[in-house]
$ cat start.txt   # compact mmCIF, C-alpha atoms
# COMPACT_ATOMS: atom_id res chain seq x y z
CA MET A 1 23.02 -10.36 -4.55
CA ALA A 2 24.20 -7.30 -2.62
CA SER A 3 25.72 -7.69 0.81
CA SER A 4 27.86 -6.10 3.51
CA PRO A 5 29.45 -7.96 6.45
CA ALA A 6 26.00 -8.17 8.06
CA HIS A 7 23.44 -6.88 5.54
CA THR A 8 22.09 -9.04 2.71
CA VAL A 9 19.79 -8.79 -0.29
CA LEU A 10 19.09 -12.27 -1.56
CA ARG A 11 17.12 -13.50 -4.57
CA ASP A 12 15.12 -16.59 -3.71
CA ILE A 13 12.14 -18.73 -4.74
CA GLY A 14 9.07 -18.43 -2.56
CA LEU A 15 5.59 -19.90 -2.39
CA GLY A 16 4.11 -21.18 -5.65
CA GLY A 17 7.58 -21.19 -7.20
CA LEU A 18 7.47 -17.39 -7.50
CA PRO A 19 10.69 -15.37 -7.35
CA ARG A 20 11.15 -13.15 -4.31
CA VAL A 21 13.77 -10.94 -2.71
CA LEU A 22 14.80 -11.15 0.95
CA LEU A 23 16.27 -8.09 2.67
CA LYS A 24 18.09 -8.54 5.98
CA HIS A 25 19.53 -5.78 8.16
CA LYS A 26 22.46 -6.34 10.50
CA ALA A 27 20.32 -5.16 13.45
CA GLY A 28 17.89 -8.06 12.92
CA ALA A 29 15.16 -6.45 10.77
CA SER A 30 14.01 -8.23 7.61
CA ALA A 31 11.60 -7.85 4.71
CA GLU A 32 10.33 -10.15 1.98
CA VAL A 33 8.98 -8.98 -1.39
CA TYR A 34 7.71 -11.01 -4.33
CA ASN A 35 8.47 -9.93 -7.89
CA PHE A 36 4.83 -10.69 -8.62
CA GLY A 37 3.08 -7.42 -7.91
CA ALA A 38 6.24 -6.17 -6.15
CA THR A 39 4.20 -7.22 -3.12
CA ILE A 40 5.87 -7.02 0.27
CA THR A 41 4.69 -10.04 2.25
CA SER A 42 6.73 -9.70 5.42
CA TYR A 43 8.33 -6.98 7.50
CA LYS A 44 9.93 -7.87 10.82
CA PRO A 45 11.74 -5.21 12.86
CA THR A 46 12.98 -8.10 15.01
CA PRO A 47 13.00 -11.83 14.19
CA GLU A 48 10.10 -12.39 16.62
CA ARG A 49 7.69 -9.66 15.46
CA GLU A 50 5.72 -9.60 12.20
CA VAL A 51 4.21 -6.20 11.35
CA LEU A 52 2.32 -7.09 8.17
CA PHE A 53 -0.72 -9.32 7.74
CA VAL A 54 -0.96 -11.90 4.94
CA SER A 55 -3.97 -14.18 4.80
CA LYS A 56 -3.37 -17.88 5.34
CA LYS A 57 -5.59 -18.37 2.27
CA ALA A 58 -3.63 -15.98 0.04
CA VAL A 59 -3.02 -17.40 -3.44
CA PHE A 60 0.54 -17.51 -4.83
CA ASP A 61 -0.11 -18.53 -8.42
CA GLY A 62 1.35 -15.59 -10.34
CA LYS A 63 -2.11 -14.61 -11.54
CA LYS A 64 -4.24 -13.50 -8.61
CA ALA A 65 -3.07 -10.57 -6.48
CA ILE A 66 -1.57 -11.66 -3.15
CA ARG A 67 -4.03 -11.07 -0.31
CA GLY A 68 -2.08 -9.09 2.26
CA GLY A 69 1.26 -7.42 2.82
CA VAL A 70 1.56 -4.25 0.73
CA PRO A 71 -0.08 -4.67 -2.70
CA LEU A 72 0.40 -1.77 -5.12
CA VAL A 73 -2.71 -0.15 -6.59
CA PHE A 74 -2.29 1.48 -10.04
CA PRO A 75 -3.68 2.96 -12.29
CA GLN A 76 -7.12 2.78 -10.68
CA PHE A 77 -8.57 2.30 -7.20
CA GLY A 78 -11.63 0.10 -7.09
CA GLN A 79 -13.05 -0.41 -10.55
CA PRO A 80 -14.25 2.89 -12.07
CA LYS A 81 -13.10 1.56 -15.45
CA LYS A 82 -14.88 -1.76 -15.81
CA GLU A 83 -12.65 -3.01 -18.63
CA MET A 84 -9.75 -3.11 -16.17
CA ALA A 85 -9.39 -5.32 -13.10
CA GLN A 86 -10.21 -3.92 -9.68
CA HIS A 87 -7.30 -1.83 -8.34
CA GLY A 88 -5.59 -1.94 -11.74
CA PHE A 89 -2.80 -4.20 -12.98
CA ALA A 90 0.30 -3.25 -10.95
CA ARG A 91 -0.44 -5.71 -8.14
CA SER A 92 -0.86 -8.61 -10.58
CA SER A 93 2.06 -7.88 -12.92
CA HIS A 94 5.53 -9.38 -12.83
CA TRP A 95 8.06 -6.72 -11.83
CA GLU A 96 11.80 -6.73 -12.48
CA LEU A 97 14.40 -6.29 -9.75
CA SER A 98 16.51 -3.47 -11.19
CA ASP A 99 18.93 -2.56 -8.39
CA THR A 100 20.08 -3.49 -4.90
CA ALA A 101 22.34 -1.63 -2.51
CA VAL A 102 23.57 -1.69 1.06
CA THR A 103 25.10 1.04 3.20
CA ASP A 104 26.01 1.20 6.86
CA ASP A 105 22.38 1.89 7.80
CA VAL A 106 20.14 0.87 4.87
CA VAL A 107 19.36 -2.25 2.87
CA ARG A 108 17.67 -1.31 -0.40
CA ALA A 109 15.99 -3.00 -3.36
CA VAL A 110 14.46 -1.32 -6.42
CA PHE A 111 11.84 -2.87 -8.71
CA HIS A 112 10.41 -1.49 -11.93
CA LEU A 113 7.44 -2.08 -14.21
CA SER A 114 6.94 -0.45 -17.61
CA ASP A 115 4.10 -0.54 -20.08
CA SER A 116 3.72 -3.59 -22.28
CA GLU A 117 1.37 -4.86 -24.92
CA ALA A 118 -0.76 -6.35 -22.13
CA THR A 119 -1.01 -3.11 -20.12
CA ARG A 120 -1.62 -0.95 -23.23
CA ALA A 121 -4.55 -3.19 -24.14
CA LEU A 122 -6.13 -2.19 -20.82
CA TRP A 123 -4.79 1.35 -20.43
CA GLY A 124 -3.18 2.90 -23.47
CA PHE A 125 -0.37 4.96 -21.98
CA PRO A 126 3.43 4.56 -21.77
CA PHE A 127 4.66 4.66 -18.17
CA LEU A 128 7.47 3.64 -15.86
CA LEU A 129 6.86 2.56 -12.27
CA SER A 130 9.85 2.44 -9.92
CA TYR A 131 9.39 0.97 -6.46
CA THR A 132 12.10 1.36 -3.83
CA LEU A 133 12.22 -0.52 -0.52
CA SER A 134 14.57 0.84 2.13
CA LEU A 135 15.03 -1.25 5.27
CA THR A 136 16.70 0.26 8.33
CA ALA A 137 17.08 -1.02 11.88
CA GLY A 138 13.80 0.59 12.94
CA ALA A 139 11.62 1.17 9.89
CA LEU A 140 10.66 0.13 6.36
CA THR A 141 10.17 2.85 3.74
CA THR A 142 8.46 2.12 0.42
CA SER A 143 8.47 4.69 -2.38
CA LEU A 144 6.45 4.34 -5.58
CA ARG A 145 7.42 6.65 -8.46
CA ILE A 146 5.02 6.90 -11.41
CA GLU A 147 6.42 8.53 -14.56
CA ASN A 148 4.56 9.50 -17.73
CA LYS A 149 6.81 8.30 -20.58
CA GLY A 150 4.39 9.26 -23.34
CA ASP A 151 3.59 12.43 -25.28
CA ARG A 152 0.13 13.12 -23.82
CA PRO A 153 -1.18 13.53 -20.28
CA PHE A 154 -2.74 10.65 -18.40
CA GLU A 155 -4.84 10.46 -15.26
CA ALA A 156 -4.29 7.77 -12.66
CA GLN A 157 -4.84 6.76 -9.08
CA ALA A 158 -2.24 5.08 -6.87
CA LEU A 159 -2.23 3.56 -3.41
CA LEU A 160 -0.03 1.52 -1.05
CA HIS A 161 -2.56 -1.05 0.21
CA THR A 162 -0.84 -1.75 3.54
CA TYR A 163 -2.23 -4.62 5.65
CA LEU A 164 -1.11 -4.32 9.27
CA ARG A 165 -1.25 -7.25 11.69
CA VAL A 166 -3.04 -6.68 15.01
CA GLY A 167 -3.76 -8.93 17.96
CA ASP A 168 -7.46 -8.10 18.23
CA ILE A 169 -9.18 -5.48 16.04
CA LYS A 170 -11.71 -4.85 18.82
CA LYS A 171 -8.89 -3.45 20.97
CA VAL A 172 -7.48 -1.25 18.19
CA SER A 173 -7.88 2.50 17.79
CA LEU A 174 -6.27 4.77 15.20
CA HIS A 175 -4.99 8.29 15.67
CA GLY A 176 -4.47 10.68 12.74
CA TYR A 177 -7.83 10.59 10.91
CA HIS A 178 -9.33 13.39 13.04
CA PRO A 179 -10.58 16.00 12.06
CA HIS A 180 -10.43 15.21 8.34
CA PRO A 181 -13.22 14.78 5.77
CA PHE A 182 -13.84 11.28 4.46
CA LEU A 183 -15.69 9.40 1.76
CA ASP A 184 -17.58 6.49 3.33
CA LYS A 185 -17.81 3.77 0.70
CA MET A 186 -20.31 1.92 2.89
CA ASP A 187 -22.66 4.93 2.71
CA MET A 188 -21.84 6.86 -0.44
CA PRO A 189 -22.92 10.52 -0.41
CA LYS A 190 -25.31 11.94 -2.96
CA GLU A 191 -23.83 14.05 -5.73
CA GLY A 192 -22.95 17.49 -4.41
CA GLU A 193 -23.30 16.45 -0.78
CA VAL A 194 -20.62 17.76 1.57
CA LEU A 195 -18.37 15.03 2.94
CA PRO A 196 -18.62 14.31 6.67
CA VAL A 197 -15.69 15.08 8.97
CA GLU A 198 -14.21 12.58 11.40
CA VAL A 199 -15.17 13.76 14.89
CA ARG A 200 -13.46 10.96 16.82
CA GLU A 201 -9.90 11.71 17.86
CA MET A 202 -9.32 7.97 18.28
CA VAL A 203 -11.08 5.95 15.57
CA GLU A 204 -12.22 2.45 16.49
CA VAL A 205 -13.34 -0.25 14.05
CA GLY A 206 -16.53 -2.03 15.08
CA GLU A 207 -18.08 -2.97 11.73
CA GLU A 208 -17.19 -3.30 8.07
CA THR A 209 -15.19 -0.16 7.35
CA ASP A 210 -14.13 1.28 3.99
CA ARG A 211 -13.31 4.98 4.20
CA VAL A 212 -11.14 7.30 2.13
CA TYR A 213 -9.86 10.09 4.37
CA GLU A 214 -8.50 13.33 2.93
CA THR A 215 -5.79 13.80 5.51
CA GLY A 216 -3.42 16.61 6.29
CA ALA A 217 -1.50 15.04 9.17
CA ASN A 218 0.37 12.59 6.92
CA GLU A 219 0.67 10.16 9.82
CA VAL A 220 -1.57 7.49 11.32
CA SER A 221 -0.78 5.67 14.55
CA VAL A 222 -2.24 2.25 15.31
CA MET A 223 -2.92 1.79 19.02
CA GLU A 224 -3.79 -1.52 20.66
CA GLY A 225 -4.84 -1.81 24.27
CA GLY A 226 -4.01 1.88 24.70
CA ARG A 227 -0.43 1.44 23.49
CA GLU A 228 0.98 2.68 20.19
CA ARG A 229 2.12 -0.33 18.15
CA VAL A 230 2.99 1.03 14.70
CA ARG A 231 3.03 4.35 12.91
CA VAL A 232 2.48 4.89 9.18
CA GLU A 233 4.03 8.13 7.91
CA TYR A 234 3.33 9.14 4.32
CA THR A 235 3.97 11.86 1.76
CA ALA A 236 3.21 12.50 -1.90
CA CYS A 237 4.67 14.92 -4.42
CA THR A 238 4.72 15.69 -8.13
CA VAL A 239 8.02 15.96 -10.01
CA ALA A 240 8.36 18.21 -13.08
CA LYS A 241 10.54 17.57 -16.13
CA ASP A 242 13.31 19.74 -14.67
CA GLY A 243 13.39 17.63 -11.51
CA SER A 244 11.75 20.17 -9.25
CA ASP A 245 9.14 18.72 -6.92
CA GLU A 246 6.01 20.08 -5.31
CA PRO A 247 4.39 18.40 -2.29
CA PHE A 248 0.88 17.08 -2.72
CA PRO A 249 -0.91 18.96 0.09
CA LYS A 250 -3.46 16.38 1.19
CA PRO A 251 -2.82 12.77 0.21
CA ASP A 252 -5.59 10.31 1.02
CA CYS A 253 -5.38 7.52 3.55
CA VAL A 254 -7.86 4.64 3.34
CA LEU A 255 -9.04 2.77 6.43
CA TRP A 256 -10.37 -0.74 5.68
CA ASN A 257 -11.49 -3.84 7.51
CA PRO A 258 -13.89 -6.34 5.85
CA TRP A 259 -15.47 -7.49 9.15
CA VAL A 260 -17.59 -10.64 9.35
CA GLU A 261 -19.76 -11.04 6.26
CA LYS A 262 -17.34 -9.74 3.64
CA SER A 263 -14.58 -11.95 5.07
CA LYS A 264 -16.79 -14.99 4.47
CA ALA A 265 -17.41 -13.87 0.89
CA MET A 266 -13.71 -13.66 -0.05
CA ALA A 267 -12.22 -16.95 -1.23
CA ASP A 268 -8.65 -15.87 -0.41
CA PHE A 269 -9.38 -14.58 3.10
CA GLY A 270 -10.16 -16.57 6.24
CA ASP A 271 -13.61 -16.22 7.79
CA GLU A 272 -12.16 -14.99 11.10
CA GLU A 273 -9.09 -13.16 9.84
CA TRP A 274 -10.80 -9.75 10.06
CA ARG A 275 -9.92 -9.94 13.76
CA GLU A 276 -6.18 -9.94 12.98
CA MET A 277 -5.74 -7.02 10.59
CA VAL A 278 -6.43 -3.43 9.68
CA CYS A 279 -5.51 -1.67 6.45
CA VAL A 280 -3.98 1.81 6.58
CA GLU A 281 -3.48 2.77 2.93
CA PRO A 282 -1.79 6.00 1.79
CA GLY A 283 -2.63 7.10 -1.73
CA ILE A 284 -4.24 9.50 -4.17
CA VAL A 285 -7.56 7.84 -4.84
CA LYS A 286 -10.47 10.17 -4.04
CA SER A 287 -9.96 11.58 -7.53
CA PHE A 288 -7.66 10.92 -10.48
CA ASN A 289 -4.30 12.71 -10.60
CA VAL A 290 -3.39 14.19 -14.01
CA LEU A 291 0.24 13.69 -14.98
CA PRO A 292 1.66 15.63 -17.97
CA PRO A 293 4.23 14.04 -20.31
CA GLY A 294 7.66 13.71 -18.72
CA HIS A 295 6.35 14.41 -15.23
CA ALA A 296 6.29 11.99 -12.31
CA PHE A 297 4.37 11.41 -9.14
CA VAL A 298 5.91 9.93 -5.98
CA LEU A 299 3.97 8.24 -3.18
CA GLU A 300 5.96 7.20 -0.12
CA GLN A 301 5.26 5.61 3.24
CA THR A 302 7.39 4.69 6.23
CA ILE A 303 6.14 1.87 8.44
CA ARG A 304 7.63 2.49 11.86
CA PRO A 305 7.00 -0.10 14.62
CA VAL A 306 6.93 1.29 18.13

$ encode --input "start.txt" --output "structure tokens"
Amino acid sequence: MASSPAHTVLRDIGLGGLPRVLLKHKAGASAEVYNFGATITSYKPTPEREVLFVSKKAVFDGKKAIRGGVPLVFPQFGQPKKEMAQHGFARSSHWELSDTAVTDDVVRAVFHLSDSEATRALWGFPFLLSYTLSLTAGALTTSLRIENKGDRPFEAQALLHTYLRVGDIKKVSLHGYHPHPFLDKMDMPKEGEVLPVEVREMVEVGEETDRVYETGANEVSVMEGGRERVRVEYTACTVAKDGSDEPFPKPDCVLWNPWVEKSKAMADFGDEEWREMVCVEPGIVKSFNVLPPGHAFVLEQTIRPV
């Protein structure tokens, strides 16, 4: 356990007997993350306000991915490779807590996951994932570093599947997706067809929505009742063997809400819970990112309540 006079990082046992880590900032902010999937299940900038959504029907059995919070998607988004589970294995693997630290302003925890016999049976590449959570008085930053530890290139997708809690999705609009092209997974384009561009400056959700936006703004604001409630800022970069980094110019940002019928079809999601959430998910998922040996890829988001 790391601590300062008012900051703490505490190892604990959570739901289903699963180990978790609790981060508390002296200003009153807190975060909770399970070792299983390195899934953040709570972020409160104040003791009274929860920013993240976790389904009341989420399963905490150490096998099924936790429905809500911030699951980690790697090495695939969806299920392009049928021999592997949807969204890969990172969100349903047991991660190790490798470091904790506190400073005057930041409470930090670092988790890691490396390849194993189980992962190599699904995806035959050596890798190291490092996931850093940094809690300040006014924001939570999560940074996922993916490193190729092998001697041949691999291609992968990665995403921070952030579930945000809202009061009423019908009063929500999102700023930051305009005027960017998007892949609509509810109406997939034909091969060679040019992707549509978002024409709405404020995007509202009024039906099942599953879109992958190729954004350039690197920031999405969630508005509710005309007031900004939370901002998701995100970046991505590649890191060469010599440590030099190069920004990824246009990371993707998924917008998702299951709406009525899909909610009823999911066993670990309440029939009416679509009203209480929206997913804003930074990542590199529209295509696979090729990572040479010894190189790394870093995907980072800052969740900033307003």

$ residues_near_point --input "start.txt" --point "(-3.7, 13.8, -10.7)" --cutoff "10 Å" --atoms "only C-alpha atoms" --output "number ranges by chain"
A: 153-158, 238, 248, 284-285, 287-292, 297

$ closest_residue --input "start.txt" --among "A:Leu135, A:Val51, A:Leu195, A:Met277" --to "Ala29 of chain A" --atoms "only C-alpha atoms"
A:Leu135

$ residues_around --input "start.txt" --residues "Leu159 of chain A" --least-positions-apart "6" --cutoff "8 Å" --atoms "only C-alpha atoms" --output "PDB file with C-alpha atoms, keeping the file's coordinate frame"
ATOM      1  CA  LEU A  72       0.400  -1.770  -5.120  1.00  0.00           C
ATOM      2  CA  VAL A  73      -2.710  -0.150  -6.590  1.00  0.00           C
ATOM      3  CA  PHE A  74      -2.290   1.480 -10.040  1.00  0.00           C
ATOM      4  CA  PHE A  77      -8.570   2.300  -7.200  1.00  0.00           C
ATOM      5  CA  GLU A 281      -3.480   2.770   2.930  1.00  0.00           C
ATOM      6  CA  PRO A 282      -1.790   6.000   1.790  1.00  0.00           C
ATOM      7  CA  GLY A 283      -2.630   7.100  -1.730  1.00  0.00           C
ATOM      8  CA  ILE A 284      -4.240   9.500  -4.170  1.00  0.00           C
ATOM      9  CA  VAL A 285      -7.560   7.840  -4.840  1.00  0.00           C
ATOM     10  CA  LEU A 299       3.970   8.240  -3.180  1.00  0.00           C
TER      11      LEU A 299
END

$ closest_residue --input "start.txt" --among "A:Ser134, A:Ser173, A:Ser116, A:Asn218" --to "Lys24 of chain A" --atoms "all atoms listed in the file"
A:Ser134

$ residues_around --input "start.txt" --residues "Met186 of chain A" --least-positions-apart "2" --cutoff "10 Å" --atoms "all atoms listed in the file" --output "count of residues only"
8

$ residues_around --input "start.txt" --residues "Arg91 of chain A" --least-positions-apart "4" --cutoff "10 Å" --atoms "only C-alpha atoms" --output "PDB file with C-alpha atoms, in the coordinates of the input"
ATOM      1  CA  ASN A  35       8.470  -9.930  -7.890  1.00  0.00           C
ATOM      2  CA  PHE A  36       4.830 -10.690  -8.620  1.00  0.00           C
ATOM      3  CA  GLY A  37       3.080  -7.420  -7.910  1.00  0.00           C
ATOM      4  CA  ALA A  38       6.240  -6.170  -6.150  1.00  0.00           C
ATOM      5  CA  THR A  39       4.200  -7.220  -3.120  1.00  0.00           C
ATOM      6  CA  LYS A  63      -2.110 -14.610 -11.540  1.00  0.00           C
ATOM      7  CA  LYS A  64      -4.240 -13.500  -8.610  1.00  0.00           C
ATOM      8  CA  ALA A  65      -3.070 -10.570  -6.480  1.00  0.00           C
ATOM      9  CA  ILE A  66      -1.570 -11.660  -3.150  1.00  0.00           C
ATOM     10  CA  VAL A  70       1.560  -4.250   0.730  1.00  0.00           C
ATOM     11  CA  PRO A  71      -0.080  -4.670  -2.700  1.00  0.00           C
ATOM     12  CA  LEU A  72       0.400  -1.770  -5.120  1.00  0.00           C
ATOM     13  CA  VAL A  73      -2.710  -0.150  -6.590  1.00  0.00           C
ATOM     14  CA  PHE A  74      -2.290   1.480 -10.040  1.00  0.00           C
ATOM     15  CA  HIS A  87      -7.300  -1.830  -8.340  1.00  0.00           C
ATOM     16  CA  TRP A  95       8.060  -6.720 -11.830  1.00  0.00           C
ATOM     17  CA  HIS A 161      -2.560  -1.050   0.210  1.00  0.00           C
TER      18      HIS A 161
END

$ residues_around --input "start.txt" --residues "Thr136 of chain A" --least-positions-apart "2" --cutoff "8 Å" --atoms "all atoms listed in the file" --output "JSON, numbers by chain"
{"A": [25, 29, 105, 106, 107, 134, 138, 139, 140]}

$ closest_residue --input "start.txt" --among "A:Val9, A:Leu174, A:Ala121, A:Ala267" --to "Gly226 of chain A" --atoms "only C-alpha atoms"
A:Leu174
